[in-house]
Amino acid sequence: MTGWLAGGLHWDGARPFLKATRGERQAARELTAGERISWRVSGPRRCVGAWLGSAVGHRPCPHRAEVDPAGTGSQCPACQSADLGLRLARDQMPDDGRRYRLYLAWFGACLLKVGLTAAERGTNRLVEQGALAFTFLAGGSLPAVRRAELTVSASGLARERYPVRTKVERWWRLPDQRSAQAELTAGRRRALALLAGHDLDLAPDEPLVDHRALFGLTADAPPAYREVAALADGATLTGSLRAPIGRHLFLDTATGPQPLLLDTRRLTGWLLAPAQDAECAGLRLVDRRRPEDQGSQQALF
């Protein structure tokens, strides 16, 4: 292998790390605003394996299977089936004995999401999703928290999932912090009322956590940018990082005034090596501009 196999962007507390493997070796590089990166991408793009639980950890793909070079998915079907994180997300696990927490996340005006995360993960799942603000609602066993999640989503108060594009488009024209907190507080009050009688430890006094300063979104995102739609063998990424937003990176480059936006899920499965400050090349880019109307409910659909 020439380079490190990119394993994705993950957060530990308030610090984002790009994880990678090289044979049996593992590495994690912290990504910070203002840092300069220069990577050469080489392929073929391969499956990154599966997470088999806390006791086992991550298992490399036994087939070294190739995956779609242009997609955001980075696992072969066999590893998807074995991955406990995906099975949990798809509601395919009855219980695993761990404690879970129910959260209410805010991604912009009129965009509330309800979800669950293992208590041992702290707030990492919320940061990785790019939640602009959130609060915890309750805790309990996986079956109890999952029933609560379904109750809140069935009420219409919040959804269980949003497309990535919908969340990204809300980075523009964000309401002020007080308006965001008011919406999240009202949502929490309604959710807790819905959950009365559930076999849960309700948490009405959990703080409201705002991530916009962490993500560099106290002001609007760039009014125009170029989104990386696909990587290819031999591509290069060079430039200066802005603050990571969840699993997305804005990168200021020398190839134009608009920054690049990279969903780092597109990076997983490729081999990365130093590019010695070569210019960006080999990228399929899509020009994007600030959405016309961030305030309309129609933008959700």
# chains A, B, ... in the order shown; residues from 1 in each chain; ligands from 1
call {"tool": "residues_around", "arguments": {"residues": "Glu35 in chain A", "least_positions_apart": "6", "cutoff": "8 Å", "atoms": "only C-alpha atoms", "output": "ChimeraX atom specification"}}
result
/A:240-242
call {"tool": "write_last_selection", "arguments": {"atoms": "all heavy atoms", "output": "tab-separated table (two decimals), in the first residue's frame"}}
result
chain	number	residue	atom	x	y	z
A	240	SER	N	-6.07	25.38	2.62
A	240	SER	CA	-6.14	25.71	4.04
A	240	SER	C	-7.53	25.41	4.56
A	240	SER	O	-8.53	25.82	3.98
A	240	SER	CB	-5.82	27.20	4.22
A	240	SER	OG	-5.90	27.57	5.58
A	241	LEU	N	-7.59	24.69	5.67
A	241	LEU	CA	-8.87	24.27	6.24
A	241	LEU	C	-9.55	25.39	6.98
A	241	LEU	O	-8.92	26.18	7.68
A	241	LEU	CB	-8.65	23.11	7.21
A	241	LEU	CG	-8.25	21.75	6.65
A	241	LEU	CD1	-7.94	20.80	7.80
A	241	LEU	CD2	-9.34	21.18	5.77
A	242	ARG	N	-10.87	25.46	6.84
A	242	ARG	CA	-11.69	26.21	7.77
A	242	ARG	C	-12.15	25.25	8.87
A	242	ARG	O	-11.85	24.07	8.83
A	242	ARG	CB	-12.89	26.82	7.05
A	242	ARG	CG	-12.49	27.78	5.92
A	242	ARG	CD	-13.67	28.56	5.41
A	242	ARG	NE	-13.30	29.38	4.26
A	242	ARG	CZ	-14.09	30.34	3.76
A	242	ARG	NH1	-15.29	30.57	4.28
A	242	ARG	NH2	-13.67	31.05	2.72
call {"tool": "residues_around", "arguments": {"residues": "range 3-16 of chain A", "least_positions_apart": "4", "cutoff": "7 Å", "atoms": "only C-alpha atoms", "output": "ChimeraX atom specification"}}
result
/A:20-22,30-31,48,123-124,127-128,247,264-265,267-273
call {"tool": "select_by_dssp", "arguments": {"residues": "range 199-253 of chain A", "states": "strand (DSSP E or B)", "output": "PyMOL selection string"}}
result
chain A and resi 201-202+209-210+224-230+236-241+245+248-252
call {"tool": "closest_residue", "arguments": {"among": "A:Ala50, A:Leu18, A:Ala191, A:Ala118", "to": "Leu104 in chain A", "atoms": "only C-alpha atoms"}}
result
A:Ala191
call {"tool": "select_by_dssp", "arguments": {"residues": "range 118-260 of chain A", "states": "alpha helix (DSSP H)", "output": "VMD selection string"}}
result
chain A and resid 124 to 128 142 to 154 164 to 169 177 to 194 212 to 215
call {"tool": "closest_atom_pairs", "arguments": {"of": "range 44-155 of chain A", "to": "range 200-222 of chain A", "cutoff": "12 Å", "atoms": "only C-alpha atoms", "output": "CSV"}}
result
residue,atom,partner,partner_atom,distance
A:Arg99,CA,A:Leu200,CA,10.9
A:Tyr100,CA,A:Leu200,CA,10.2
A:Arg101,CA,A:Asp201,CA,9.3
A:Leu102,CA,A:Leu202,CA,9.3
A:Tyr103,CA,A:Ala203,CA,10.1
A:Leu104,CA,A:Leu208,CA,9.7
A:Ala105,CA,A:Val209,CA,9.4
A:Trp106,CA,A:Asp210,CA,9.2
A:Phe107,CA,A:Arg212,CA,10.2
A:Gly108,CA,A:Arg212,CA,10.7
A:Thr123,CA,A:Val209,CA,9.8
A:Asn124,CA,A:His211,CA,11.8
A:Leu126,CA,A:His211,CA,9.5
A:Val127,CA,A:His211,CA,7.7
A:Glu128,CA,A:Phe215,CA,10.9
A:Gln129,CA,A:His211,CA,11.2
A:Gly130,CA,A:Phe215,CA,8.3
A:Ala131,CA,A:His211,CA,7.1
A:Leu132,CA,A:His211,CA,5.0
A:Ala133,CA,A:Asp210,CA,4.2
A:Phe134,CA,A:Val209,CA,5.4
A:Thr135,CA,A:Leu208,CA,5.0
A:Phe136,CA,A:Glu206,CA,6.0
A:Leu137,CA,A:Ala203,CA,5.2
A:Ala138,CA,A:Leu202,CA,4.2
A:Gly139,CA,A:Asp201,CA,5.2
A:Gly140,CA,A:Leu200,CA,5.3
A:Ser141,CA,A:Leu200,CA,8.0
A:Leu142,CA,A:Leu200,CA,10.4
A:Pro143,CA,A:Leu200,CA,10.3
A:Ala144,CA,A:Leu200,CA,6.6
A:Val145,CA,A:Leu200,CA,7.2
A:Arg146,CA,A:Leu200,CA,10.6
A:Arg147,CA,A:Leu200,CA,10.0
A:Ala148,CA,A:Leu200,CA,8.4
A:Glu149,CA,A:Leu200,CA,11.5
call {"tool": "residues_around", "arguments": {"residues": "Met93 in chain A", "least_positions_apart": "5", "cutoff": "10 Å", "atoms": "only C-alpha atoms", "output": "VMD selection string"}}
result
chain A and resid 84 to 88 142 to 143
call {"tool": "write_last_selection", "arguments": {"atoms": "C-alpha atoms", "output": "compact mmCIF listing (two decimals), in the first residue's frame"}}
result
# COMPACT_ATOMS: atom_id res chain seq x y z
CA LEU A 84 -23.14 -2.98 14.52
CA GLY A 85 -23.39 0.78 14.12
CA LEU A 86 -25.35 0.40 10.89
CA ARG A 87 -27.52 -2.32 12.39
CA LEU A 88 -28.35 0.02 15.24
CA LEU A 142 -31.97 0.60 23.89
CA PRO A 143 -35.55 -0.75 23.51
call {"tool": "residues_around", "arguments": {"residues": "Leu150 in chain A", "least_positions_apart": "3", "cutoff": "10 Å", "atoms": "only C-alpha atoms", "output": "ChimeraX atom specification"}}
result
/A:114-115,145-147,153-155,158-160
